[in-house]
$ cat start-v9.cif   # mmCIF, C-alpha atoms and all ligand atoms
data_data
loop_
_atom_site.group_PDB
_atom_site.id
_atom_site.type_symbol
_atom_site.label_atom_id
_atom_site.label_comp_id
_atom_site.auth_asym_id
_atom_site.auth_seq_id
_atom_site.Cartn_x
_atom_site.Cartn_y
_atom_site.Cartn_z
ATOM 1 C CA MET T 1 95.285 56.423 79.689
ATOM 2 C CA LYS T 2 97.661 54.392 81.799
ATOM 3 C CA MET T 3 97.492 53.728 85.539
ATOM 4 C CA SER T 4 100.573 52.568 87.436
ATOM 5 C CA ASN T 5 100.865 51.691 91.116
ATOM 6 C CA LEU T 6 103.483 53.813 92.822
ATOM 7 C CA HIS T 7 103.425 52.979 96.492
ATOM 8 C CA GLY T 8 100.726 51.610 98.797
ATOM 9 C CA ASN T 9 97.403 53.089 97.735
ATOM 10 C CA THR T 10 98.880 55.810 95.539
ATOM 11 C CA CYS T 11 98.810 55.461 91.748
ATOM 12 C CA TYR T 12 99.878 57.551 88.798
ATOM 13 C CA LEU T 13 97.501 58.321 85.945
ATOM 14 C CA GLU T 14 99.192 59.227 82.712
ATOM 15 C CA THR T 15 96.773 61.195 80.558
ATOM 16 C CA ARG T 16 97.466 62.839 77.193
ATOM 17 C CA ASN T 17 98.026 66.290 78.702
ATOM 18 C CA ALA T 18 99.062 65.837 82.305
ATOM 19 C CA GLY T 19 100.188 63.408 84.978
ATOM 20 C CA LEU T 20 97.611 62.984 87.745
ATOM 21 C CA GLY T 21 97.607 61.217 91.097
ATOM 22 C CA LEU T 22 95.028 58.692 92.268
ATOM 23 C CA TYR T 23 94.662 57.585 95.877
ATOM 24 C CA HIS T 24 92.621 54.486 96.666
ATOM 25 C CA LEU T 25 90.487 54.691 99.810
ATOM 26 C CA ASN T 26 89.466 51.075 99.104
ATOM 27 C CA ASP T 27 88.899 48.920 95.996
ATOM 28 C CA LYS T 28 86.276 51.254 94.577
ATOM 29 C CA ASP T 29 86.476 54.657 96.243
ATOM 30 C CA VAL T 30 89.218 56.963 94.959
ATOM 31 C CA ILE T 31 90.600 60.474 95.413
ATOM 32 C CA LEU T 32 92.032 62.295 92.424
ATOM 33 C CA LEU T 33 94.969 64.707 92.595
ATOM 34 C CA ASP T 34 94.235 67.353 89.927
ATOM 35 C CA THR T 35 91.834 66.640 87.080
ATOM 36 C CA GLY T 36 93.621 67.723 83.917
ATOM 37 C CA LEU T 37 91.639 69.531 81.228
ATOM 38 C CA LYS T 38 87.878 69.308 80.673
ATOM 39 C CA GLU T 39 88.566 66.943 77.717
ATOM 40 C CA THR T 40 90.822 64.817 79.925
ATOM 41 C CA ALA T 41 87.998 64.339 82.416
ATOM 42 C CA GLU T 42 85.369 63.629 79.775
ATOM 43 C CA LYS T 43 87.341 61.511 77.310
ATOM 44 C CA GLU T 44 89.841 59.745 79.565
ATOM 45 C CA LEU T 45 88.982 59.845 83.279
ATOM 46 C CA ILE T 46 85.236 59.195 83.286
ATOM 47 C CA PRO T 47 85.457 56.210 80.836
ATOM 48 C CA PHE T 48 88.406 54.828 82.836
ATOM 49 C CA PHE T 49 86.582 55.187 86.164
ATOM 50 C CA GLN T 50 83.484 53.557 84.672
ATOM 51 C CA GLU T 51 85.440 50.669 83.229
ATOM 52 C CA ASN T 52 87.116 50.016 86.599
ATOM 53 C CA ARG T 53 83.935 50.764 88.583
ATOM 54 C CA PHE T 54 85.775 53.436 90.560
ATOM 55 C CA ASN T 55 83.755 55.901 92.563
ATOM 56 C CA LEU T 56 85.361 59.336 92.683
ATOM 57 C CA LYS T 57 84.914 60.638 96.238
ATOM 58 C CA GLY T 58 87.200 63.654 96.220
ATOM 59 C CA ILE T 59 89.548 65.893 94.255
ATOM 60 C CA LEU T 60 92.636 67.575 95.717
ATOM 61 C CA CYS T 61 93.681 70.454 93.483
ATOM 62 C CA THR T 62 97.107 72.069 93.315
ATOM 63 C CA HIS T 63 96.044 75.294 91.576
ATOM 64 C CA PHE T 64 93.395 76.914 89.437
ATOM 65 C CA HIS T 65 95.046 76.613 85.975
ATOM 66 C CA TYR T 66 92.613 74.937 83.623
ATOM 67 C CA ASP T 67 95.010 72.112 82.736
ATOM 68 C CA HIS T 68 94.789 71.135 86.426
ATOM 69 C CA SER T 69 91.234 71.900 87.437
ATOM 70 C CA GLY T 70 89.376 72.218 84.125
ATOM 71 C CA GLY T 71 87.856 68.754 84.592
ATOM 72 C CA ILE T 72 86.072 69.594 87.850
ATOM 73 C CA PRO T 73 82.643 70.614 86.448
ATOM 74 C CA SER T 74 82.368 67.462 84.292
ATOM 75 C CA LEU T 75 83.463 65.171 87.140
ATOM 76 C CA LYS T 76 81.090 66.953 89.537
ATOM 77 C CA LYS T 77 78.156 66.186 87.250
ATOM 78 C CA VAL T 78 78.858 62.455 87.259
ATOM 79 C CA TYR T 79 80.351 61.701 90.709
ATOM 80 C CA LYS T 80 79.709 64.761 92.937
ATOM 81 C CA PRO T 81 83.188 64.547 94.465
ATOM 82 C CA GLU T 82 84.230 66.901 97.269
ATOM 83 C CA VAL T 83 86.685 69.437 95.870
ATOM 84 C CA VAL T 84 89.634 70.889 97.795
ATOM 85 C CA PHE T 85 91.532 74.078 96.920
ATOM 86 C CA HIS T 86 93.703 76.641 98.603
ATOM 87 C CA TYR T 87 91.415 79.394 99.912
ATOM 88 C CA THR T 88 92.777 82.139 97.632
ATOM 89 C CA GLU T 89 93.136 80.001 94.498
ATOM 90 C CA ASN T 90 89.439 79.292 94.880
ATOM 91 C CA ILE T 91 88.603 82.993 95.098
ATOM 92 C CA LEU T 92 90.587 83.718 91.917
ATOM 93 C CA THR T 93 88.264 81.658 89.781
ATOM 94 C CA GLU T 94 85.028 82.834 91.338
ATOM 95 C CA SER T 95 84.700 85.903 89.154
ATOM 96 C CA SER T 96 85.862 86.939 85.727
ATOM 97 C CA TYR T 97 87.085 90.218 87.258
ATOM 98 C CA ASN T 98 89.599 88.238 89.250
ATOM 99 C CA MET T 99 90.654 86.430 86.114
ATOM 100 C CA TYR T 100 90.892 89.770 84.283
ATOM 101 C CA TRP T 101 93.278 90.919 86.960
ATOM 102 C CA ILE T 102 95.397 87.807 86.839
ATOM 103 C CA SER T 103 95.349 87.100 83.089
ATOM 104 C CA TYR T 104 96.523 90.550 81.948
ATOM 105 C CA SER T 105 93.689 90.460 79.434
ATOM 106 C CA GLN T 106 92.260 93.764 78.218
ATOM 107 C CA LYS T 107 88.740 92.319 78.214
ATOM 108 C CA PHE T 108 86.691 91.969 81.375
ATOM 109 C CA LYS T 109 84.776 89.066 79.965
ATOM 110 C CA SER T 110 87.513 87.142 78.177
ATOM 111 C CA TYR T 111 87.591 84.435 80.789
ATOM 112 C CA ASP T 112 83.844 83.802 80.675
ATOM 113 C CA LEU T 113 83.926 83.830 76.887
ATOM 114 C CA THR T 114 86.827 81.469 76.410
ATOM 115 C CA LEU T 115 86.058 79.073 79.227
ATOM 116 C CA PRO T 116 82.319 79.422 79.917
ATOM 117 C CA GLU T 117 81.946 76.017 81.544
ATOM 118 C CA TYR T 118 84.942 76.404 83.765
ATOM 119 C CA LYS T 119 83.283 77.445 87.004
ATOM 120 C CA TYR T 120 83.513 75.478 90.175
ATOM 121 C CA TYR T 121 83.274 76.020 93.864
ATOM 122 C CA ALA T 122 85.478 74.213 96.321
ATOM 123 C CA ASP T 123 83.817 72.199 99.082
ATOM 124 C CA HIS T 124 86.837 72.561 101.369
ATOM 125 C CA VAL T 125 89.536 75.206 101.398
ATOM 126 C CA ILE T 126 93.102 75.011 102.673
ATOM 127 C CA GLY T 127 94.296 77.914 104.824
ATOM 128 C CA ASP T 128 97.680 79.631 104.655
ATOM 129 C CA ASP T 129 99.133 77.916 107.712
ATOM 130 C CA GLN T 130 97.504 74.551 107.244
ATOM 131 C CA GLU T 131 99.976 71.666 107.100
ATOM 132 C CA VAL T 132 97.634 68.683 107.067
ATOM 133 C CA PHE T 133 94.240 68.058 105.518
ATOM 134 C CA SER T 134 92.177 65.124 106.677
ATOM 135 C CA PHE T 135 90.100 63.830 103.761
ATOM 136 C CA PHE T 136 87.878 60.761 104.189
ATOM 137 C CA ASP T 137 89.883 59.892 107.351
ATOM 138 C CA GLN T 138 93.184 59.975 105.466
ATOM 139 C CA GLU T 139 95.847 62.550 106.291
ATOM 140 C CA PHE T 140 97.340 64.423 103.357
ATOM 141 C CA LYS T 141 100.276 66.727 104.101
ATOM 142 C CA ILE T 142 100.151 70.163 102.485
ATOM 143 C CA LEU T 143 103.220 71.899 101.078
ATOM 144 C CA HIS T 144 102.755 75.593 100.397
ATOM 145 C CA THR T 145 104.613 75.652 97.109
ATOM 146 C CA HIS T 146 103.328 79.088 96.092
ATOM 147 C CA GLY T 147 104.721 80.928 93.101
ATOM 148 C CA HIS T 148 103.883 79.112 89.868
ATOM 149 C CA SER T 149 100.348 80.294 90.611
ATOM 150 C CA PRO T 150 99.695 82.649 93.570
ATOM 151 C CA TYR T 151 98.799 79.938 96.101
ATOM 152 C CA HIS T 152 99.815 76.722 94.370
ATOM 153 C CA ILE T 153 99.994 73.846 96.882
ATOM 154 C CA SER T 154 101.415 70.326 96.737
ATOM 155 C CA TYR T 155 100.141 67.233 98.529
ATOM 156 C CA ILE T 156 101.869 64.289 100.162
ATOM 157 C CA THR T 157 99.647 61.228 100.277
ATOM 158 C CA PRO T 158 99.469 58.967 103.383
ATOM 159 C CA ASP T 159 101.883 56.663 101.459
ATOM 160 C CA ASN T 160 104.494 59.429 101.423
ATOM 161 C CA VAL T 161 104.157 60.059 97.691
ATOM 162 C CA ALA T 162 104.371 63.753 96.751
ATOM 163 C CA TYR T 163 102.138 65.285 94.093
ATOM 164 C CA ILE T 164 103.990 68.494 93.318
ATOM 165 C CA GLY T 165 101.931 69.890 90.423
ATOM 166 C CA ASP T 166 103.777 72.577 88.483
ATOM 167 C CA THR T 167 106.371 73.453 91.135
ATOM 168 C CA ILE T 168 109.042 71.913 88.930
ATOM 169 C CA LEU T 169 108.926 70.632 85.370
ATOM 170 C CA GLY T 170 110.304 67.344 84.097
ATOM 171 C CA ASP T 171 113.587 67.202 82.163
ATOM 172 C CA LYS T 172 112.228 67.051 78.631
ATOM 173 C CA ILE T 173 109.529 69.676 79.061
ATOM 174 C CA LEU T 174 111.960 72.052 80.764
ATOM 175 C CA ASP T 175 114.343 71.781 77.808
ATOM 176 C CA LYS T 176 111.473 72.483 75.411
ATOM 177 C CA THR T 177 109.835 75.416 77.228
ATOM 178 C CA LYS T 178 111.271 78.781 76.251
ATOM 179 C CA LEU T 179 110.000 80.637 79.306
ATOM 180 C CA PRO T 180 108.214 78.522 81.948
ATOM 181 C CA TYR T 181 105.263 80.314 83.526
ATOM 182 C CA SER T 182 105.571 81.695 87.001
ATOM 183 C CA PHE T 183 103.236 84.129 88.755
ATOM 184 C CA ASN T 184 105.720 85.183 91.439
ATOM 185 C CA ILE T 185 109.393 84.473 90.713
ATOM 186 C CA ALA T 186 110.633 84.926 94.301
ATOM 187 C CA ASP T 187 107.960 82.630 95.768
ATOM 188 C CA ASP T 188 108.493 80.134 92.974
ATOM 189 C CA LEU T 189 112.230 79.919 93.711
ATOM 190 C CA LYS T 190 111.423 79.412 97.428
ATOM 191 C CA ALA T 191 108.939 76.664 96.545
ATOM 192 C CA LYS T 192 111.512 74.824 94.449
ATOM 193 C CA GLU T 193 113.972 75.102 97.351
ATOM 194 C CA MET T 194 111.297 73.798 99.738
ATOM 195 C CA LEU T 195 111.134 70.558 97.746
ATOM 196 C CA ARG T 196 114.757 69.841 98.666
ATOM 197 C CA LYS T 197 113.652 69.433 102.286
ATOM 198 C CA ILE T 198 111.143 66.662 101.729
ATOM 199 C CA ASP T 199 112.010 63.019 101.477
ATOM 200 C CA CYS T 200 109.312 61.005 99.741
ATOM 201 C CA GLU T 201 109.022 57.550 98.197
ATOM 202 C CA LYS T 202 108.106 59.022 94.815
ATOM 203 C CA TYR T 203 107.333 62.411 93.261
ATOM 204 C CA ILE T 204 104.591 62.976 90.698
ATOM 205 C CA LEU T 205 105.039 65.977 88.417
ATOM 206 C CA SER T 206 102.040 67.254 86.484
ATOM 207 C CA HIS T 207 104.243 67.753 83.454
ATOM 208 C CA GLY T 208 107.087 65.288 83.386
ATOM 209 C CA GLY T 209 106.067 61.974 84.952
ATOM 210 C CA VAL T 210 107.205 60.218 88.121
ATOM 211 C CA TYR T 211 110.634 60.533 89.748
ATOM 212 C CA GLU T 212 112.210 58.625 92.631
ATOM 213 C CA ASN T 213 114.638 61.408 93.313
ATOM 214 C CA ILE T 214 114.256 65.022 92.257
ATOM 215 C CA ASP T 215 117.475 66.559 93.613
ATOM 216 C CA THR T 216 119.089 67.132 90.198
ATOM 217 C CA LEU T 217 115.805 68.169 88.678
ATOM 218 C CA ILE T 218 115.246 70.830 91.372
ATOM 219 C CA GLU T 219 118.731 72.145 90.644
ATOM 220 C CA LYS T 220 118.023 72.201 86.915
ATOM 221 C CA ASN T 221 114.699 74.036 87.403
ATOM 222 C CA ILE T 222 116.294 76.628 89.707
ATOM 223 C CA ASP T 223 119.222 77.147 87.304
ATOM 224 C CA ASN T 224 116.749 77.589 84.481
ATOM 225 C CA THR T 225 114.916 80.372 86.352
ATOM 226 C CA LEU T 226 118.181 82.063 87.387
ATOM 227 C CA SER T 227 119.454 82.049 83.803
ATOM 228 C CA LYS T 228 116.145 83.584 82.609
ATOM 229 C CA ILE T 229 116.458 86.290 85.280
ATOM 230 C CA GLU T 230 119.919 87.168 83.976
ATOM 231 C CA LEU T 231 118.886 87.091 80.323
ATOM 232 C CA LEU T 232 115.733 89.170 80.779
ATOM 233 C CA LEU T 233 117.406 91.701 83.047
ATOM 234 C CA ASP T 234 120.015 92.322 80.363
ATOM 235 C CA PHE T 235 117.300 93.528 77.970
ATOM 236 C CA LEU T 236 116.766 96.422 80.375
ATOM 237 C CA LYS T 237 120.297 97.816 80.078
ATOM 238 C CA GLU T 238 118.529 100.354 77.890
ATOM 239 C CA PRO T 239 115.255 101.650 79.364
ATOM 240 C CA LEU T 240 112.263 99.825 77.900
ATOM 241 C CA SER T 241 108.527 100.144 78.330
ATOM 242 C CA PHE T 242 106.714 96.958 79.339
ATOM 243 C CA ASP T 243 105.672 96.341 75.729
ATOM 244 C CA GLY T 244 109.234 96.972 74.565
ATOM 245 C CA PHE T 245 110.493 94.481 77.135
ATOM 246 C CA ILE T 246 107.996 91.847 75.950
ATOM 247 C CA ALA T 247 108.973 92.489 72.312
ATOM 248 C CA SER T 248 112.646 91.875 73.252
ATOM 249 C CA ILE T 249 111.714 88.542 74.851
ATOM 250 C CA ALA T 250 109.632 87.588 71.802
ATOM 251 C CA ARG T 251 112.528 88.358 69.441
ATOM 252 C CA GLU T 252 115.027 86.473 71.631
ATOM 253 C CA PHE T 253 112.870 83.321 71.634
ATOM 254 C CA ASN T 254 111.608 83.675 68.035
ATOM 255 C CA VAL T 255 108.016 83.808 69.228
ATOM 256 C CA SER T 256 105.595 84.207 66.326
ATOM 257 C CA GLU T 257 103.397 87.296 66.124
ATOM 258 C CA ASP T 258 100.383 85.527 67.491
ATOM 259 C CA ILE T 259 98.120 87.239 70.037
ATOM 260 C CA SER T 260 97.875 84.267 72.400
ATOM 261 C CA LYS T 261 101.655 83.756 72.371
ATOM 262 C CA ILE T 262 102.402 87.428 73.051
ATOM 263 C CA ASP T 263 99.665 87.396 75.707
ATOM 264 C CA TYR T 264 101.431 84.451 77.378
ATOM 265 C CA LEU T 265 104.738 86.354 77.261
ATOM 266 C CA GLN T 266 103.044 89.372 78.846
ATOM 267 C CA ARG T 267 101.890 87.222 81.755
ATOM 268 C CA CYS T 268 105.365 85.711 82.177
ATOM 269 C CA GLY T 269 107.161 89.001 81.620
ATOM 270 C CA ARG T 270 105.014 90.794 84.169
ATOM 271 C CA ALA T 271 106.286 88.410 86.871
ATOM 272 C CA TYR T 272 109.900 89.191 85.936
ATOM 273 C CA VAL T 273 109.330 92.965 85.970
ATOM 274 C CA ALA T 274 107.651 92.668 89.392
ATOM 275 C CA TYR T 275 110.605 90.594 90.630
ATOM 276 C CA PHE T 276 113.159 93.091 89.242
ATOM 277 C CA GLN T 277 111.334 95.951 90.940
ATOM 278 C CA ASP T 278 110.982 94.141 94.276
ATOM 279 C CA GLU T 279 114.652 93.184 94.255
ATOM 280 C CA LYS T 280 115.619 96.705 93.152
ATOM 281 C CA PHE T 281 117.383 95.313 90.075
ATOM 282 C CA VAL T 282 115.677 97.981 87.961
ATOM 283 C CA GLU T 283 114.617 101.574 88.378
ATOM 284 C CA THR T 284 111.324 102.813 87.064
ATOM 285 C CA ILE T 285 111.396 105.987 85.002
ATOM 286 C CA VAL T 286 109.066 107.886 82.661
ATOM 287 C CA LYS T 287 110.271 108.427 79.102
ATOM 288 C CA ASP T 288 108.090 109.999 76.400
ATOM 289 C CA HIS T 289 105.094 109.589 78.688
ATOM 290 C CA GLN T 290 105.748 105.858 79.005
ATOM 291 C CA ILE T 291 106.715 104.017 82.157
ATOM 292 C CA CYS T 292 110.071 102.373 81.463
ATOM 293 C CA PHE T 293 112.366 100.044 83.390
ATOM 294 C CA ARG T 294 116.143 100.323 83.468
ATOM 295 C CA LYS T 295 118.695 97.974 84.963
ATOM 296 C CA VAL T 296 120.611 99.632 87.817
HETATM 297 ZN ZN ZN N 301 99.980 75.710 86.131
HETATM 298 ZN ZN ZN N 302 100.264 72.773 84.354
#
$ encode --input "start-v9.cif" --output "structure tokens"
Amino acid sequence: MKMSNLHGNTCYLETRNAGLGLYHLNDKDVILLDTGLKETAEKELIPFFQENRFNLKGILCTHFHYDHSGGIPSLKKVYKPEVVFHYTENILTESSYNMYWISYSQKFKSYDLTLPEYKYYADHVIGDDQEVFSFFDQEFKILHTHGHSPYHISYITPDNVAYIGDTILGDKILDKTKLPYSFNIADDLKAKEMLRKIDCEKYILSHGGVYENIDTLIEKNIDNTLSKIELLLDFLKEPLSFDGFIASIAREFNVSEDISKIDYLQRCGRAYVAYFQDEKFVETIVKDHQICFRKV
């Protein structure tokens, strides 16, 4: 794992799976922005903190996805940091029923079975209208970049460095990803637009590294979503059931017939169908006892 100083007390931690932020309260006490996976915390962060004699005082989390907050339980055991989450993101992970609802899984217990150790409780929660969070006497600005996950938030450190989580993806990863995940397409587009209004020293992306300027990247991310909207809406020129719609996406992107991959497409595709319905781009009909969607 590599640590680089970005500006003032804010550093970037490059782990194998994600880019994280680290804010120094002093030589020893640090605040982490997202934790990465459970393995990241156990195999990379804890050894690194021990080697540098860092004391982890707090964790600011962008959203509940396990590649961002999966390291919390392991870090809690060693350092007992205070954990911060958006109020509703915290609720989502409190019960496997909530995860059932959000994951589109057919099994109530799938979440508990696949990620049994992934349970945490936030010590502080961020409210919907909250713009600043004071953490260990340091003021972190909150950006409500909802959409990638229901209440995804971004943080601006006191050094004016933005940690924007999954609001936008870096160049390379965007080119590679067939259909980037979004929970709410309309909110996600608004969140990407919101980033145009901030002016920070540096921007840390969870997947894509550090940028000094993200103007072109925001544009590229928005264009990517708009082109996916157009492509996916075209599949519905003929009425399709939800499963039929997902099968069309899978064929278009040559997705292998693997349950986890189709499950991922279902979660992504659901957001597009919801968006098409909300925007009245499709009508909902019943055909052969199946609910179908047709482009209007
Ligand atoms: Zn995510
Ligand atoms: Zn992520």
$ closest_residue --input "start-v9.cif" --among "T:Gln290, T:Thr40, T:Ser154, T:Asn160" --to "ligand ZN 301 (chain N)" --atoms "all atoms listed in the file"
T:Ser154
$ resolve_selection --input "start-v9.cif" --expression "the PyMOL selection byres (((chain T and resi 146) around 10) and not hetatm)" --output "VMD selection string"
chain T and resid 62 to 63 143 to 145 147 to 154 167 182 to 192
$ closest_atom_pairs --input "start-v9.cif" --of "chain T" --to "ligand ZN 301 (chain N)" --cutoff "8 Å" --atoms "all atoms listed in the file" --output "Markdown table"
| residue | atom | partner | partner_atom | distance |
| --- | --- | --- | --- | --- |
| T:His63 | CA | N:ZN301 | ZN | 6.7 |
| T:Phe64 | CA | N:ZN301 | ZN | 7.5 |
| T:His65 | CA | N:ZN301 | ZN | 5.0 |
| T:Tyr66 | CA | N:ZN301 | ZN | 7.8 |
| T:Asp67 | CA | N:ZN301 | ZN | 7.0 |
| T:His68 | CA | N:ZN301 | ZN | 6.9 |
| T:His148 | CA | N:ZN301 | ZN | 6.4 |
| T:Ser149 | CA | N:ZN301 | ZN | 6.4 |
| T:Gly165 | CA | N:ZN301 | ZN | 7.5 |
| T:Asp166 | CA | N:ZN301 | ZN | 5.5 |
| T:Tyr181 | CA | N:ZN301 | ZN | 7.5 |
$ resolve_selection --input "start-v9.cif" --expression "the PyMOL selection byres (((chain T and resi 217) around 10) and not hetatm)" --output "PyMOL selection string"
chain T and resi 168-171+174+192+211+213-216+218-223
$ atom_distance --input "start-v9.cif" --atom1 "CA of Gly208 in chain T" --atom2 "CA of Val125 in chain T"
27.0 Å
$ resolve_selection --input "start-v9.cif" --expression "the PyMOL selection byres (((chain T and resi 296) around 6) and not hetatm)" --output "mmCIF file with C-alpha atoms, in the frame of the given file"
data_model
loop_
_atom_site.group_PDB
_atom_site.id
_atom_site.type_symbol
_atom_site.label_atom_id
_atom_site.label_comp_id
_atom_site.auth_asym_id
_atom_site.auth_seq_id
_atom_site.Cartn_x
_atom_site.Cartn_y
_atom_site.Cartn_z
ATOM 1 C CA PHE T 281 117.383 95.313 90.075
ATOM 2 C CA VAL T 282 115.677 97.981 87.961
ATOM 3 C CA LYS T 295 118.695 97.974 84.963
#
$ closest_residue --input "start-v9.cif" --among "T:Glu39, T:Glu82, T:Asp34, T:Asp159" --to "ligand ZN 302 (chain N)" --atoms "only C-alpha atoms and all ligand atoms"
T:Asp34
$ closest_residue --input "start-v9.cif" --among "T:Pro180, T:Ser74, T:Asp199, T:Leu60" --to "Ile142 in chain T" --atoms "only C-alpha atoms"
T:Leu60
$ closest_residue --input "start-v9.cif" --among "T:Ile285, T:Cys61, T:Cys11, T:Ile72" --to "Phe85 in chain T" --atoms "only C-alpha atoms"
T:Cys61
$ residues_around --input "start-v9.cif" --residues "range 247-256 of chain T" --least-positions-apart "5" --cutoff "9 Å" --atoms "all atoms listed in the file" --output "PyMOL selection string"
chain T and resi 178-179+232+235+242+261-262+265+269
$ closest_residue --input "start-v9.cif" --among "T:Ile198, T:Leu37, T:Ile156, T:Leu25" --to "ligand ZN 302 (chain N)" --atoms "all atoms listed in the file"
T:Leu37
$ atom_distance --input "start-v9.cif" --atom1 "CA of Tyr275 in chain T" --atom2 "CA of Leu236 in chain T"
13.3 Å
$ closest_residue --input "start-v9.cif" --among "T:Arg294, T:His207, T:Lys237, T:Lys228" --to "ligand ZN 302 (chain N)" --atoms "only C-alpha atoms and all ligand atoms"
T:His207
$ residues_around --input "start-v9.cif" --residues "Glu283 in chain T" --least-positions-apart "3" --cutoff "12 Å" --atoms "all atoms listed in the file" --output "list in words"
Leu233, Leu236, Lys237, Glu238, Pro239, Leu240, Ser241, Val273, Ala274, Tyr275, Phe276, Gln277, Asp278, Glu279, Lys280, Val286, Ile291, Cys292, Phe293, Arg294, Lys295 and Val296 of chain T
$ atom_distance --input "start-v9.cif" --atom1 "CA of Met3 in chain T" --atom2 "CA of Leu45 in chain T"
10.7 Å
$ residues_around --input "start-v9.cif" --residues "Gly209 in chain T" --least-positions-apart "3" --cutoff "10 Å" --atoms "only C-alpha atoms" --output "number ranges by chain"
T: 12-14, 18-20, 169-171, 203-206
$ axis_aligned_box --input "start-v9.cif" --around "range 183-199 of chain T" --padding-each-side "4 Å" --output "AutoDock Vina command-line options"
--center_x 109.0 --center_y 74.1 --center_z 95.5 --size_x 19.5 --size_y 30.2 --size_z 21.5
$ build_atoms --input "start-v9.cif" --residues "range 13-30 of chain T" --atoms "N, CA and C atoms" --output "mmCIF file, in the frame of the given file"
data_model
loop_
_atom_site.group_PDB
_atom_site.id
_atom_site.type_symbol
_atom_site.label_atom_id
_atom_site.label_comp_id
_atom_site.auth_asym_id
_atom_site.auth_seq_id
_atom_site.Cartn_x
_atom_site.Cartn_y
_atom_site.Cartn_z
ATOM 1 N N LEU T 13 98.322 58.402 87.154
ATOM 2 C CA LEU T 13 97.501 58.321 85.945
ATOM 3 C C LEU T 13 98.164 59.157 84.861
ATOM 4 N N GLU T 14 98.550 58.491 83.801
ATOM 5 C CA GLU T 14 99.192 59.227 82.712
ATOM 6 C C GLU T 14 98.149 59.539 81.646
ATOM 7 N N THR T 15 97.754 60.802 81.569
ATOM 8 C CA THR T 15 96.773 61.195 80.558
ATOM 9 C C THR T 15 97.532 61.870 79.412
ATOM 10 N N ARG T 16 96.790 62.240 78.355
ATOM 11 C CA ARG T 16 97.466 62.839 77.193
ATOM 12 C C ARG T 16 98.133 64.174 77.536
ATOM 13 N N ASN T 17 97.508 64.949 78.435
ATOM 14 C CA ASN T 17 98.026 66.290 78.702
ATOM 15 C C ASN T 17 98.713 66.496 80.040
ATOM 16 N N ALA T 18 98.479 65.610 80.970
ATOM 17 C CA ALA T 18 99.062 65.837 82.305
ATOM 18 C C ALA T 18 99.182 64.533 83.079
ATOM 19 N N GLY T 19 100.058 64.532 84.064
ATOM 20 C CA GLY T 19 100.188 63.408 84.978
ATOM 21 C C GLY T 19 99.354 63.704 86.219
ATOM 22 N N LEU T 20 98.483 62.771 86.597
ATOM 23 C CA LEU T 20 97.611 62.984 87.745
ATOM 24 C C LEU T 20 97.899 61.932 88.809
ATOM 25 N N GLY T 21 97.456 62.193 90.031
ATOM 26 C CA GLY T 21 97.607 61.217 91.097
ATOM 27 C C GLY T 21 96.253 60.599 91.419
ATOM 28 N N LEU T 22 96.273 59.347 91.863
ATOM 29 C CA LEU T 22 95.028 58.692 92.268
ATOM 30 C C LEU T 22 95.298 57.957 93.575
ATOM 31 N N TYR T 23 94.482 58.246 94.585
ATOM 32 C CA TYR T 23 94.662 57.585 95.877
ATOM 33 C C TYR T 23 93.445 56.700 96.154
ATOM 34 N N HIS T 24 93.710 55.433 96.425
ATOM 35 C CA HIS T 24 92.621 54.486 96.666
ATOM 36 C C HIS T 24 92.235 54.469 98.144
ATOM 37 N N LEU T 25 90.984 54.798 98.426
ATOM 38 C CA LEU T 25 90.487 54.691 99.810
ATOM 39 C C LEU T 25 90.161 53.227 100.099
ATOM 40 N N ASN T 26 89.711 52.525 99.069
ATOM 41 C CA ASN T 26 89.466 51.075 99.104
ATOM 42 C C ASN T 26 89.414 50.619 97.642
ATOM 43 N N ASP T 27 88.899 49.434 97.380
ATOM 44 C CA ASP T 27 88.899 48.920 95.996
ATOM 45 C C ASP T 27 88.176 49.832 95.004
ATOM 46 N N LYS T 28 87.123 50.482 95.493
ATOM 47 C CA LYS T 28 86.276 51.254 94.577
ATOM 48 C C LYS T 28 86.378 52.767 94.742
ATOM 49 N N ASP T 29 86.500 53.214 95.998
ATOM 50 C CA ASP T 29 86.476 54.657 96.243
ATOM 51 C C ASP T 29 87.866 55.268 96.066
ATOM 52 N N VAL T 30 87.914 56.350 95.257
ATOM 53 C CA VAL T 30 89.218 56.963 94.959
ATOM 54 C C VAL T 30 89.195 58.484 95.138
#
